[in-house]
>>> print(open('query_27.tsv').read())   # TSV, C-alpha atoms
chain	number	residue	atom	x	y	z
A	1	MET	CA	97.87	-54.97	106.39
A	2	ASN	CA	100.17	-52.03	105.80
A	3	ARG	CA	101.44	-50.21	108.79
A	4	ILE	CA	102.18	-46.52	108.63
A	5	ASP	CA	104.79	-45.82	111.26
A	6	THR	CA	104.76	-42.09	111.16
A	7	LEU	CA	101.95	-39.93	109.95
A	8	PRO	CA	102.80	-37.22	107.49
A	9	PRO	CA	103.23	-33.88	109.17
A	10	GLU	CA	100.05	-31.86	109.40
A	11	ILE	CA	101.64	-29.01	107.50
A	12	GLU	CA	102.20	-31.24	104.51
A	13	LEU	CA	98.57	-32.37	104.51
A	14	ALA	CA	97.40	-28.77	104.80
A	15	GLN	CA	99.57	-27.78	101.85
A	16	LEU	CA	98.28	-30.70	99.80
A	17	LEU	CA	94.72	-29.59	100.56
A	18	GLN	CA	95.55	-26.09	99.38
A	19	ARG	CA	96.90	-27.48	96.13
A	20	CYS	CA	93.73	-29.56	95.76
A	21	ALA	CA	91.74	-26.34	96.11
A	22	ALA	CA	93.69	-25.10	93.07
A	23	GLN	CA	92.55	-28.24	91.22
A	24	ASP	CA	95.98	-29.93	91.38
A	25	SER	CA	95.14	-33.58	90.77
A	26	VAL	CA	98.72	-34.76	91.43
A	27	ALA	CA	98.53	-33.29	94.94
A	28	PHE	CA	95.16	-34.99	95.36
A	29	ARG	CA	96.67	-38.38	94.53
A	30	THR	CA	99.47	-37.81	97.07
A	31	LEU	CA	96.92	-36.78	99.68
A	32	TYR	CA	94.91	-39.92	98.92
A	33	ASP	CA	97.96	-42.18	99.23
A	34	LYS	CA	98.92	-40.65	102.55
A	35	THR	CA	95.51	-40.56	104.20
A	36	SER	CA	93.22	-43.17	102.62
A	37	PRO	CA	94.44	-46.07	104.85
A	38	ILE	CA	93.52	-44.00	107.92
A	39	LEU	CA	90.11	-42.94	106.61
A	40	PHE	CA	89.36	-46.43	105.28
A	41	ALA	CA	90.04	-47.94	108.70
A	42	ARG	CA	87.75	-45.33	110.26
A	43	LEU	CA	84.96	-46.06	107.76
A	44	LEU	CA	85.30	-49.82	108.21
A	45	ARG	CA	84.92	-49.31	111.92
A	46	MET	CA	81.57	-47.56	111.37
A	47	LEU	CA	80.18	-49.36	108.33
A	48	ARG	CA	81.70	-52.79	108.93
A	49	ARG	CA	81.04	-54.13	105.47
A	50	ARG	CA	84.03	-53.74	103.17
A	51	ALA	CA	82.03	-53.02	100.01
A	52	VAL	CA	80.02	-50.32	101.75
A	53	ALA	CA	83.15	-48.77	103.28
A	54	GLU	CA	84.79	-48.72	99.83
A	55	GLU	CA	81.81	-46.88	98.39
A	56	ALA	CA	81.89	-44.44	101.31
A	57	LEU	CA	85.62	-43.85	100.81
A	58	GLN	CA	84.93	-42.73	97.24
A	59	ASP	CA	82.28	-40.31	98.51
A	60	VAL	CA	84.70	-39.00	101.13
A	61	TYR	CA	87.45	-38.16	98.63
A	62	VAL	CA	84.99	-36.66	96.16
A	63	ARG	CA	83.85	-34.37	98.99
A	64	ILE	CA	87.42	-33.59	100.07
A	65	TRP	CA	88.29	-32.56	96.50
A	66	GLN	CA	85.17	-30.44	96.19
A	67	ARG	CA	85.58	-28.80	99.58
A	68	ALA	CA	89.35	-28.40	99.70
A	69	ALA	CA	88.90	-24.66	99.20
A	70	GLN	CA	86.83	-24.53	102.39
A	71	TYR	CA	89.60	-25.99	104.49
A	72	GLU	CA	91.15	-23.10	106.32
A	73	MET	CA	94.82	-23.45	107.09
A	74	GLY	CA	95.56	-22.77	110.70
A	75	ARG	CA	91.98	-23.49	111.75
A	76	GLY	CA	91.71	-27.08	112.78
A	77	ARG	CA	94.02	-29.87	111.83
A	78	ALA	CA	93.92	-31.18	108.29
A	79	LEU	CA	93.56	-34.85	109.26
A	80	ALA	CA	90.84	-34.08	111.82
A	81	TRP	CA	88.99	-32.14	109.11
A	82	MET	CA	89.17	-35.14	106.75
A	83	VAL	CA	88.16	-37.65	109.43
A	84	THR	CA	85.12	-35.51	110.23
A	85	ILE	CA	84.12	-35.57	106.55
A	86	ALA	CA	84.52	-39.37	106.63
A	87	ARG	CA	82.34	-39.74	109.74
A	88	TYR	CA	79.57	-37.58	108.27
A	89	CYS	CA	79.75	-39.49	104.98
A	90	ALA	CA	79.36	-42.78	106.84
A	91	ILE	CA	76.35	-41.46	108.77
A	92	ASP	CA	74.82	-40.15	105.52
A	93	LEU	CA	75.36	-43.49	103.87
A	94	MET	CA	73.67	-45.35	106.73
A	95	ARG	CA	70.76	-42.93	106.38
A	96	ARG	CA	70.54	-43.13	102.60
A	97	GLU	CA	70.87	-46.86	102.28
A	98	ARG	CA	68.89	-47.51	105.46
A	99	LEU	CA	71.65	-49.94	106.20
A	100	MET	CA	70.93	-52.50	108.79
A	101	LEU	CA	74.24	-52.41	110.53
A	102	VAL	CA	72.82	-53.58	113.76
A	103	SER	CA	73.70	-57.25	113.82
A	104	ASP	CA	75.21	-57.30	117.27
A	105	ASP	CA	77.61	-60.09	116.59
A	106	SER	CA	79.19	-58.50	113.52
A	107	LEU	CA	82.61	-57.57	114.75
A	108	ALA	CA	84.47	-54.54	113.57
A	109	GLU	CA	87.09	-55.55	111.06
A	110	VAL	CA	89.53	-52.98	112.35
A	111	ALA	CA	91.58	-53.55	115.41
A	112	ASP	CA	92.19	-50.86	117.98
A	113	GLU	CA	95.86	-49.99	117.99
A	114	SER	CA	95.94	-48.98	121.59
A	115	ALA	CA	94.01	-46.85	123.99
A	116	GLY	CA	96.27	-43.90	123.25
A	117	GLU	CA	95.56	-40.68	121.41
A	118	SER	CA	94.76	-40.99	117.75
A	119	ASP	CA	97.74	-40.02	115.60
A	120	GLY	CA	97.56	-36.52	114.23
A	121	ILE	CA	94.23	-35.68	115.85
A	122	GLU	CA	94.46	-33.33	118.73
A	123	LYS	CA	92.48	-33.97	121.89
A	124	PRO	CA	91.19	-30.96	123.78
A	125	ASN	CA	93.16	-30.17	126.93
A	126	ASN	CA	92.12	-32.35	129.83
A	127	PHE	CA	89.88	-34.49	127.67
A	128	ASP	CA	90.95	-37.69	129.40
A	129	HIS	CA	90.26	-36.19	132.80
A	130	CYS	CA	86.80	-34.95	131.71
A	131	ILE	CA	85.75	-38.18	129.97
A	132	GLY	CA	86.94	-40.03	133.07
A	133	GLN	CA	84.48	-38.05	135.16
A	134	LEU	CA	81.50	-39.55	133.31
A	135	ASN	CA	79.94	-42.76	134.53
A	136	ASP	CA	80.61	-45.99	132.63
A	137	ASN	CA	77.20	-46.13	130.95
A	138	THR	CA	77.48	-42.63	129.61
A	139	ARG	CA	81.01	-43.13	128.37
A	140	LYS	CA	79.99	-46.32	126.63
A	141	CYS	CA	77.02	-44.64	124.92
A	142	LEU	CA	79.13	-41.72	123.68
A	143	THR	CA	81.79	-44.09	122.34
A	144	LEU	CA	79.28	-46.35	120.58
A	145	ALA	CA	77.73	-43.30	118.92
A	146	PHE	CA	80.90	-41.46	117.95
A	147	VAL	CA	83.29	-44.29	117.16
A	148	GLU	CA	80.89	-46.88	115.75
A	149	GLY	CA	78.19	-44.57	114.39
A	150	ARG	CA	75.44	-46.32	116.33
A	151	SER	CA	71.99	-44.76	116.65
A	152	HIS	CA	70.07	-44.31	119.90
A	153	ASP	CA	68.05	-47.49	119.20
A	154	GLU	CA	71.11	-49.57	118.44
A	155	ILE	CA	72.89	-48.37	121.56
A	156	ALA	CA	69.84	-49.24	123.67
A	157	ARG	CA	69.88	-52.75	122.22
A	158	LEU	CA	73.63	-53.24	122.53
A	159	THR	CA	73.70	-52.08	126.13
A	160	THR	CA	70.33	-53.68	126.99
A	161	SER	CA	69.19	-50.38	128.41
A	162	PRO	CA	65.88	-48.56	127.99
A	163	LEU	CA	65.91	-46.10	125.05
A	164	GLY	CA	64.92	-43.23	127.34
A	165	SER	CA	67.91	-43.85	129.59
A	166	VAL	CA	70.29	-43.97	126.63
A	167	LYS	CA	68.99	-40.65	125.32
A	168	SER	CA	69.28	-38.98	128.68
A	169	TRP	CA	72.77	-40.41	129.42
A	170	ILE	CA	73.94	-39.04	126.10
A	171	ARG	CA	72.33	-35.65	126.59
A	172	ARG	CA	73.66	-35.24	130.12
A	173	GLY	CA	77.03	-36.71	129.20
A	174	LEU	CA	77.55	-34.19	126.40
A	175	LEU	CA	76.59	-31.34	128.69
A	176	ALA	CA	78.88	-32.54	131.46
A	177	LEU	CA	81.74	-32.97	129.00
A	178	LYS	CA	81.27	-29.45	127.69
A	179	GLU	CA	81.13	-27.96	131.16
A	180	CYS	CA	84.18	-29.87	132.36
A	181	LEU	CA	86.24	-28.93	129.28
A	182	SER	CA	85.33	-25.25	129.50
A	183	ALA	CA	85.98	-25.18	133.27
A	184	GLU	CA	89.37	-26.76	132.70
A	185	ARG	CA	90.13	-24.25	130.00
A	186	GLN	CA	89.28	-21.35	132.27
A	187	ALA	CA	91.32	-22.84	135.08
A	188	THR	CA	94.45	-23.10	132.94
B	189	MET	CA	69.76	-15.41	119.43
B	190	LYS	CA	67.60	-16.10	122.46
B	191	SER	CA	69.33	-18.14	125.12
B	192	ALA	CA	66.67	-20.92	125.02
B	193	ASN	CA	67.13	-21.18	121.25
B	194	ARG	CA	70.86	-21.17	121.64
B	195	GLU	CA	70.70	-23.99	124.16
B	196	LEU	CA	68.49	-26.07	121.89
B	197	LEU	CA	70.75	-25.40	118.90
B	198	ASP	CA	73.80	-26.33	120.96
B	199	ARG	CA	72.17	-29.61	121.97
B	200	LEU	CA	71.30	-30.36	118.34
B	201	ALA	CA	74.83	-29.40	117.26
B	202	ALA	CA	76.27	-31.79	119.85
B	203	GLU	CA	74.12	-34.71	118.68
B	204	TYR	CA	74.78	-33.81	115.04
B	205	VAL	CA	78.52	-34.11	115.62
B	206	LEU	CA	78.15	-37.18	117.84
B	207	GLY	CA	76.09	-38.79	115.05
B	208	THR	CA	72.92	-39.55	117.02
B	209	LEU	CA	70.92	-36.85	115.22
B	210	ARG	CA	69.47	-38.93	112.38
B	211	SER	CA	67.07	-39.01	109.46
B	212	ARG	CA	64.94	-35.95	108.88
B	213	ALA	CA	66.17	-34.13	111.98
B	214	ARG	CA	69.73	-34.41	110.65
B	215	ARG	CA	68.74	-33.15	107.21
B	216	ARG	CA	66.83	-30.24	108.73
B	217	PHE	CA	69.77	-29.34	110.92
B	218	GLU	CA	72.11	-29.40	107.93
B	219	ARG	CA	70.11	-26.56	106.40
B	220	TRP	CA	70.95	-24.43	109.43
B	221	LEU	CA	74.67	-25.06	109.00
B	222	LEU	CA	74.62	-22.09	106.65
B	223	SER	CA	74.20	-19.81	109.63
B	224	PRO	CA	77.54	-18.68	111.08
B	225	GLN	CA	76.19	-19.10	114.64
B	226	VAL	CA	75.21	-22.72	114.06
B	227	GLY	CA	78.45	-23.34	112.16
B	228	ALA	CA	80.43	-22.10	115.17
B	229	LEU	CA	78.48	-24.37	117.57
B	230	VAL	CA	79.17	-27.39	115.35
B	231	LYS	CA	82.84	-26.52	115.03
B	232	ALA	CA	83.20	-26.24	118.81
B	233	TRP	CA	81.63	-29.71	119.24
B	234	GLU	CA	83.85	-31.17	116.54
B	235	GLU	CA	86.86	-29.96	118.48
B	236	ARG	CA	85.52	-31.25	121.81
B	237	LEU	CA	84.53	-34.69	120.57
B	238	ALA	CA	87.74	-35.18	118.56
B	239	GLY	CA	89.02	-36.58	121.85
B	240	LEU	CA	86.88	-39.68	121.22
B	241	GLU	CA	88.66	-40.50	117.94
B	242	PRO	CA	90.00	-44.04	118.23
B	243	LYS	CA	93.51	-44.96	117.24
B	244	LEU	CA	93.07	-47.57	114.52
B	245	ALA	CA	95.47	-49.68	112.52
B	246	PRO	CA	95.46	-48.25	108.96
B	247	VAL	CA	93.90	-50.41	106.23
B	248	THR	CA	94.97	-49.84	102.62
B	249	PRO	CA	91.91	-49.68	100.35
B	250	PRO	CA	91.87	-51.60	97.04
B	251	ASP	CA	93.01	-49.73	93.89
B	252	ALA	CA	89.45	-49.82	92.53
B	253	VAL	CA	88.47	-47.10	95.03
B	254	TRP	CA	90.97	-44.63	93.56
B	255	HIS	CA	89.92	-45.52	90.01
B	256	GLY	CA	86.32	-44.82	90.97
B	257	ILE	CA	87.23	-41.43	92.43
B	258	GLU	CA	89.27	-40.58	89.35
B	259	GLU	CA	86.35	-41.44	87.15
B	260	ARG	CA	83.78	-39.56	89.19
B	261	LEU	CA	85.85	-36.38	89.27
B	262	GLU	CA	87.11	-36.79	85.69
B	263	LEU	CA	90.67	-36.27	86.95
B	264	ARG	CA	92.31	-37.89	83.95
B	265	LYS	CA	91.06	-35.14	81.71
B	266	MET	CA	92.86	-32.63	83.93
B	267	GLN	CA	96.22	-34.38	83.57
B	268	ARG	CA	96.90	-33.30	80.04
B	269	ARG	CA	100.18	-33.93	78.35
B	270	PRO	CA	102.25	-30.81	77.60
B	271	ALA	CA	101.35	-30.86	73.91
B	272	ALA	CA	97.69	-31.13	74.78
B	273	ARG	CA	98.09	-28.31	77.30
B	274	TRP	CA	99.52	-26.00	74.63
B	275	LEU	CA	96.68	-26.93	72.37
B	276	ALA	CA	94.28	-26.11	75.20
B	277	ILE	CA	95.94	-22.74	75.76
B	278	ALA	CA	95.79	-22.01	72.04
B	279	ALA	CA	92.16	-23.03	72.01
B	280	SER	CA	91.32	-20.78	74.95
B	281	VAL	CA	93.13	-17.85	73.32
B	282	ALA	CA	91.12	-18.52	70.19
B	283	PHE	CA	87.97	-18.68	72.29
B	284	PHE	CA	88.64	-15.26	73.83
B	285	VAL	CA	89.41	-13.75	70.42
B	286	VAL	CA	86.16	-15.12	69.04
B	287	ALA	CA	84.26	-14.14	72.19
B	288	GLY	CA	85.75	-10.63	71.94
B	289	ILE	CA	84.63	-10.33	68.34
B	290	LEU	CA	81.17	-11.59	69.18
B	291	LEU	CA	80.86	-9.17	72.08
B	292	THR	CA	82.16	-6.22	70.08
B	293	TYR	CA	79.92	-6.77	67.09
B	294	ARG	CA	76.87	-7.88	69.11
B	295	PRO	CA	75.71	-10.30	66.45
B	296	SER	CA	72.01	-10.67	66.03
B	297	VAL	CA	72.29	-14.46	65.86
B	298	ASP	CA	71.52	-16.25	69.09
B	299	VAL	CA	74.77	-17.81	70.32
B	300	ARG	CA	73.00	-19.82	73.02
B	301	GLN	CA	73.18	-23.53	72.54
B	302	LEU	CA	72.54	-24.92	76.01
B	303	THR	CA	68.99	-25.69	76.95
B	304	ARG	CA	67.39	-24.62	80.20
B	305	THR	CA	67.24	-27.68	82.47
B	306	GLN	CA	66.42	-26.29	85.91
B	307	GLU	CA	64.95	-23.15	87.35
B	308	SER	CA	64.75	-21.57	90.77
B	309	LEU	CA	62.81	-18.55	91.94
B	310	LEU	CA	64.44	-16.69	94.79
B	311	GLN	CA	61.49	-15.05	96.43
B	312	ALA	CA	60.45	-13.66	99.79
B	313	ASP	CA	56.78	-14.54	99.26
B	314	ALA	CA	54.51	-15.70	96.47
B	315	GLN	CA	54.25	-12.19	95.02
B	316	THR	CA	57.82	-10.97	95.21
B	317	ILE	CA	60.42	-12.77	93.14
B	318	TYR	CA	63.85	-11.16	93.43
B	319	TRP	CA	65.95	-13.35	91.15
B	320	ARG	CA	65.10	-16.02	88.60
B	321	VAL	CA	67.98	-18.46	88.26
B	322	GLU	CA	68.15	-20.72	85.23
B	323	VAL	CA	70.50	-23.69	85.02
B	324	LEU	CA	71.66	-24.36	81.47
B	325	GLY	CA	72.76	-27.68	80.02
B	326	ASN	CA	74.30	-30.22	82.35
B	327	HIS	CA	74.94	-27.54	85.03
B	328	GLN	CA	77.52	-25.83	82.81
B	329	GLU	CA	76.07	-22.35	82.96
B	330	LEU	CA	73.75	-20.12	84.94
B	331	GLU	CA	71.52	-17.34	83.74
B	332	LEU	CA	70.51	-14.86	86.41
B	333	HIS	CA	67.59	-12.49	85.98
B	334	VAL	CA	66.76	-9.68	88.40
B	335	GLU	CA	62.98	-9.56	88.71
B	336	ASN	CA	62.76	-7.14	91.66
B	337	VAL	CA	65.62	-5.28	93.30
B	338	TYR	CA	66.56	-6.62	96.73
B	339	ASP	CA	67.74	-3.71	98.92
B	340	LEU	CA	71.48	-3.84	99.44
B	341	PRO	CA	73.33	-1.90	102.16
B	342	ALA	CA	76.45	0.01	101.05
B	343	GLY	CA	79.62	-2.08	101.00
B	344	LYS	CA	77.66	-5.35	100.79
B	345	ALA	CA	76.87	-7.89	98.08
B	346	HIS	CA	74.41	-10.71	97.51
B	347	GLU	CA	76.13	-14.07	97.04
B	348	LEU	CA	74.51	-17.15	95.53
B	349	TRP	CA	75.18	-20.62	96.97
B	350	ALA	CA	74.50	-24.17	95.86
B	351	LEU	CA	73.41	-26.34	98.80
B	352	PRO	CA	74.61	-29.87	97.92
B	353	GLU	CA	72.73	-32.63	99.72
B	354	GLY	CA	74.56	-33.35	102.94
B	355	GLY	CA	77.44	-31.07	101.99
B	356	ALA	CA	78.66	-27.57	102.69
B	357	PRO	CA	77.42	-24.66	100.54
B	358	VAL	CA	79.47	-23.85	97.45
B	359	SER	CA	79.55	-20.30	96.11
B	360	LEU	CA	78.08	-19.71	92.67
B	361	GLY	CA	79.31	-16.11	92.65
B	362	LEU	CA	77.72	-12.73	93.28
B	363	LEU	CA	74.24	-11.91	92.10
B	364	PRO	CA	73.68	-9.00	89.72
B	365	LYS	CA	71.92	-5.92	91.11
B	366	THR	CA	69.97	-5.23	87.95
B	367	GLY	CA	69.30	-6.74	84.54
B	368	GLU	CA	70.48	-10.22	83.68
B	369	GLN	CA	73.76	-12.06	83.59
B	370	ARG	CA	75.00	-15.33	82.22
B	371	ARG	CA	77.98	-17.16	83.65
B	372	VAL	CA	80.00	-20.31	83.07
B	373	LEU	CA	80.47	-22.50	86.15
B	374	THR	CA	83.74	-24.11	87.24
B	375	PRO	CA	83.84	-27.93	87.51
B	376	ALA	CA	83.58	-27.67	91.32
B	377	GLN	CA	80.52	-25.43	91.04
B	378	GLN	CA	78.96	-27.78	88.50
B	379	THR	CA	79.41	-30.78	90.80
B	380	ALA	CA	77.97	-28.88	93.76
B	381	LEU	CA	74.98	-27.73	91.75
B	382	ALA	CA	74.40	-31.23	90.38
B	383	GLY	CA	74.18	-32.51	93.96
B	384	ALA	CA	71.93	-29.68	95.15
B	385	LYS	CA	68.19	-29.49	95.47
B	386	GLN	CA	68.25	-25.95	96.82
B	387	ILE	CA	70.12	-22.70	96.36
B	388	ALA	CA	70.46	-19.79	98.77
B	389	VAL	CA	71.39	-16.11	98.89
B	390	SER	CA	73.46	-14.64	101.70
B	391	LEU	CA	74.53	-11.11	102.52
B	392	GLU	CA	78.30	-10.78	102.21
B	393	PRO	CA	80.98	-8.10	102.11
B	394	GLU	CA	81.45	-6.36	98.75
B	395	GLY	CA	83.38	-8.77	96.53
B	396	GLY	CA	81.91	-11.81	98.28
B	397	SER	CA	82.65	-14.04	101.26
B	398	LEU	CA	86.34	-14.19	102.09
B	399	THR	CA	86.16	-17.57	103.78
B	400	GLY	CA	84.59	-19.65	101.01
B	401	ALA	CA	81.53	-20.20	103.22
B	402	PRO	CA	78.55	-17.92	103.84
B	403	THR	CA	79.42	-15.42	106.58
B	404	GLY	CA	76.39	-13.12	106.58
B	405	PRO	CA	72.71	-13.84	107.17
B	406	VAL	CA	70.98	-16.17	104.73
B	407	LEU	CA	68.30	-14.06	103.08
B	408	LEU	CA	66.59	-16.48	100.72
B	409	VAL	CA	66.52	-20.22	100.12
B	410	ALA	CA	64.73	-21.74	97.14
B	411	PRO	CA	64.34	-25.20	95.59
B	412	LEU	CA	65.72	-26.04	92.16
B	413	SER	CA	63.07	-27.51	89.93
B	414	ARG	CA	63.42	-29.34	86.64
B	415	VAL	CA	61.86	-27.62	83.63
>>> encode(input="query_27.tsv", output="structure tokens")
Amino acid sequence: MNRIDTLPPEIELAQLLQRCAAQDSVAFRTLYDKTSPILFARLLRMLRRRAVAEEALQDVYVRIWQRAAQYEMGRGRALAWMVTIARYCAIDLMRRERLMLVSDDSLAEVADESAGESDGIEKPNNFDHCIGQLNDNTRKCLTLAFVEGRSHDEIARLTTSPLGSVKSWIRRGLLALKECLSAERQAT
Amino acid sequence: MKSANRELLDRLAAEYVLGTLRSRARRRFERWLLSPQVGALVKAWEERLAGLEPKLAPVTPPDAVWHGIEERLELRKMQRRPAARWLAIAASVAFFVVAGILLTYRPSVDVRQLTRTQESLLQADAQTIYWRVEVLGNHQELELHVENVYDLPAGKAHELWALPEGGAPVSLGLLPKTGEQRRVLTPAQQTALAGAKQIAVSLEPEGGSLTGAPTGPVLLVAPLSRV
């Protein structure tokens, strides 16, 4: 497994995206080399099966190339923008293929580096404080949904909780997170 | 937007970004992403939930993935050698000379070669069709016909968008106010149109959206049907 010690600076990624918008295929290849190990790890985490994640990775870069012109420099970080595209692609793929990714014992092939902040992706101010305010069940549901791409049903099964509770934990958790983050923003 | 609607939309936006909005509800919600209000709600949730991004050890994908991307986007064709590039420039100069002659002399022969493959009627109701959009060939060109004039405020323009399945809208340019117009699509527009089942019209500043995404209200949405 290759290890990237330092992520390319965001500015460089943003510039590469701009060149992609101008149909510069050399810039696209550089962007792919620099970011595909990160996006592939993220897709593997959600889709679990290597072949499916490889297919998704192709979709992701096709979309990045097609939408590079929509990336606005200065608005949002380039890597976060690409990771979001990858997450949505993975969810679309689960939907399209009706993938049964629910086998509870199938372990993610990607190891967590550490509990720290993801490289190059900015957390909102006070995120750790606000997520810490949620109860364990809610935090677990949000993480299973966002990080692993699990549906309500899957989360209910994985946490052996009633579906109704899962839905309401998620709904209330999102609301509480939003309120806490906006309160913290106003306070600062 | 009414506050109850806004609350509901915000909840849907949150679950869309979180990933728990699935199946048909997700597809339906994606149609609303055209609206700047909904787009802003989604963006705010993307920023909030970015805090949940895990820190993962990178995994290098196999080379076959890149080859597949290259093939799907036909990137090799874009990397022409210098000699080929000069030939291409010469060919495009020749094309414009020929096109200029054809336009000047208005030949009576029909220069159309592409067949009509898809059609879409942009209409407010069954009786009132505003534009008829024809897709020619393998999404290479569009032919736009004004059937009825859609009122346009001063300083504004009507912009046409392809709505690729599960993707963001891609501009297909401004719509003519009268008559008919034929236009050649860029490779990016062709790909977007190939992946779209619907097209839409939005109200934009004169000259078109400055952001690359629809900024004004979406006036019409219509399916693309095979002919």
>>> atom_distance(input="query_27.tsv", atom1="atom CA of Ser36 of chain A", atom2="atom CA of Lys265 of chain B")
22.5 Å
>>> residues_around(input="query_27.tsv", residues="Asp198 of chain B", least_positions_apart="2", cutoff="8 Å", atoms="all atoms listed in the file", output="JSON, numbers by chain")
{"B": [194, 195, 196, 200, 201, 202, 226, 229, 230]}
>>> write_last_selection(input="query_27.tsv", atoms="C-alpha atoms", output="tab-separated table (two decimals), keeping the file's coordinate frame")
chain	number	residue	atom	x	y	z
B	194	ARG	CA	70.86	-21.17	121.64
B	195	GLU	CA	70.70	-23.99	124.16
B	196	LEU	CA	68.49	-26.07	121.89
B	200	LEU	CA	71.30	-30.36	118.34
B	201	ALA	CA	74.83	-29.40	117.26
B	202	ALA	CA	76.27	-31.79	119.85
B	226	VAL	CA	75.21	-22.72	114.06
B	229	LEU	CA	78.48	-24.37	117.57
B	230	VAL	CA	79.17	-27.39	115.35
>>> residues_around(input="query_27.tsv", residues="Glu241 of chain B", least_positions_apart="2", cutoff="7 Å", atoms="all atoms listed in the file", output="PyMOL selection string")
(chain A and resi 118+147) or (chain B and resi 238-239+243)
>>> atom_distance(input="query_27.tsv", atom1="atom CA of Gln58 of chain A", atom2="atom CA of Thr305 of chain B")
27.5 Å
>>> closest_residue(input="query_27.tsv", among="B:Val205, B:Ala350, B:Glu262, B:Leu222", to="Glu235 of chain B", atoms="all atoms listed in the file")
B:Val205
>>> residues_around(input="query_27.tsv", residues="segment 366-374 of chain B", least_positions_apart="5", cutoff="12 Å", atoms="all atoms listed in the file", output="JSON, numbers by chain")
{"A": [22, 23, 66], "B": [300, 302, 318, 319, 320, 321, 322, 323, 324, 325, 326, 327, 328, 329, 330, 331, 332, 333, 334, 335, 336, 337, 338, 339, 340, 346, 350, 358, 359, 360, 361, 379, 380, 381, 382]}
>>> closest_residue(input="query_27.tsv", among="B:Glu259, B:Trp233, B:Trp220, B:Gln306", to="Thr84 of chain A", atoms="all atoms listed in the file")
B:Trp233
>>> interface_residues(input="query_27.tsv", of="chain B", to="chain A", cutoff="9 Å", atoms="only C-alpha atoms", output="number ranges by chain")
B: 199, 202-203, 205-211, 233-250, 252-254, 256-258, 260-261, 263-264, 266-267, 354-356, 358, 376-377, 379-380, 399-401
>>> write_last_selection(input="query_27.tsv", atoms="C-alpha atoms", output="mmCIF file, in the coordinates of the input")
data_model
loop_
_atom_site.group_PDB
_atom_site.id
_atom_site.type_symbol
_atom_site.label_atom_id
_atom_site.label_comp_id
_atom_site.auth_asym_id
_atom_site.auth_seq_id
_atom_site.Cartn_x
_atom_site.Cartn_y
_atom_site.Cartn_z
ATOM 1 C CA ARG B 199 72.170 -29.610 121.970
ATOM 2 C CA ALA B 202 76.270 -31.790 119.850
ATOM 3 C CA GLU B 203 74.120 -34.710 118.680
ATOM 4 C CA VAL B 205 78.520 -34.110 115.620
ATOM 5 C CA LEU B 206 78.150 -37.180 117.840
ATOM 6 C CA GLY B 207 76.090 -38.790 115.050
ATOM 7 C CA THR B 208 72.920 -39.550 117.020
ATOM 8 C CA LEU B 209 70.920 -36.850 115.220
ATOM 9 C CA ARG B 210 69.470 -38.930 112.380
ATOM 10 C CA SER B 211 67.070 -39.010 109.460
ATOM 11 C CA TRP B 233 81.630 -29.710 119.240
ATOM 12 C CA GLU B 234 83.850 -31.170 116.540
ATOM 13 C CA GLU B 235 86.860 -29.960 118.480
ATOM 14 C CA ARG B 236 85.520 -31.250 121.810
ATOM 15 C CA LEU B 237 84.530 -34.690 120.570
ATOM 16 C CA ALA B 238 87.740 -35.180 118.560
ATOM 17 C CA GLY B 239 89.020 -36.580 121.850
ATOM 18 C CA LEU B 240 86.880 -39.680 121.220
ATOM 19 C CA GLU B 241 88.660 -40.500 117.940
ATOM 20 C CA PRO B 242 90.000 -44.040 118.230
ATOM 21 C CA LYS B 243 93.510 -44.960 117.240
ATOM 22 C CA LEU B 244 93.070 -47.570 114.520
ATOM 23 C CA ALA B 245 95.470 -49.680 112.520
ATOM 24 C CA PRO B 246 95.460 -48.250 108.960
ATOM 25 C CA VAL B 247 93.900 -50.410 106.230
ATOM 26 C CA THR B 248 94.970 -49.840 102.620
ATOM 27 C CA PRO B 249 91.910 -49.680 100.350
ATOM 28 C CA PRO B 250 91.870 -51.600 97.040
ATOM 29 C CA ALA B 252 89.450 -49.820 92.530
ATOM 30 C CA VAL B 253 88.470 -47.100 95.030
ATOM 31 C CA TRP B 254 90.970 -44.630 93.560
ATOM 32 C CA GLY B 256 86.320 -44.820 90.970
ATOM 33 C CA ILE B 257 87.230 -41.430 92.430
ATOM 34 C CA GLU B 258 89.270 -40.580 89.350
ATOM 35 C CA ARG B 260 83.780 -39.560 89.190
ATOM 36 C CA LEU B 261 85.850 -36.380 89.270
ATOM 37 C CA LEU B 263 90.670 -36.270 86.950
ATOM 38 C CA ARG B 264 92.310 -37.890 83.950
ATOM 39 C CA MET B 266 92.860 -32.630 83.930
ATOM 40 C CA GLN B 267 96.220 -34.380 83.570
ATOM 41 C CA GLY B 354 74.560 -33.350 102.940
ATOM 42 C CA GLY B 355 77.440 -31.070 101.990
ATOM 43 C CA ALA B 356 78.660 -27.570 102.690
ATOM 44 C CA VAL B 358 79.470 -23.850 97.450
ATOM 45 C CA ALA B 376 83.580 -27.670 91.320
ATOM 46 C CA GLN B 377 80.520 -25.430 91.040
ATOM 47 C CA THR B 379 79.410 -30.780 90.800
ATOM 48 C CA ALA B 380 77.970 -28.880 93.760
ATOM 49 C CA THR B 399 86.160 -17.570 103.780
ATOM 50 C CA GLY B 400 84.590 -19.650 101.010
ATOM 51 C CA ALA B 401 81.530 -20.200 103.220
#
>>> atom_distance(input="query_27.tsv", atom1="atom CA of Asp251 of chain B", atom2="atom CA of Thr30 of chain A")
13.9 Å
>>> residues_around(input="query_27.tsv", residues="segment 384-397 of chain B", least_positions_apart="2", cutoff="7 Å", atoms="only C-alpha atoms", output="PyMOL selection string")
chain B and resi 343-353+362+380-382+399-412
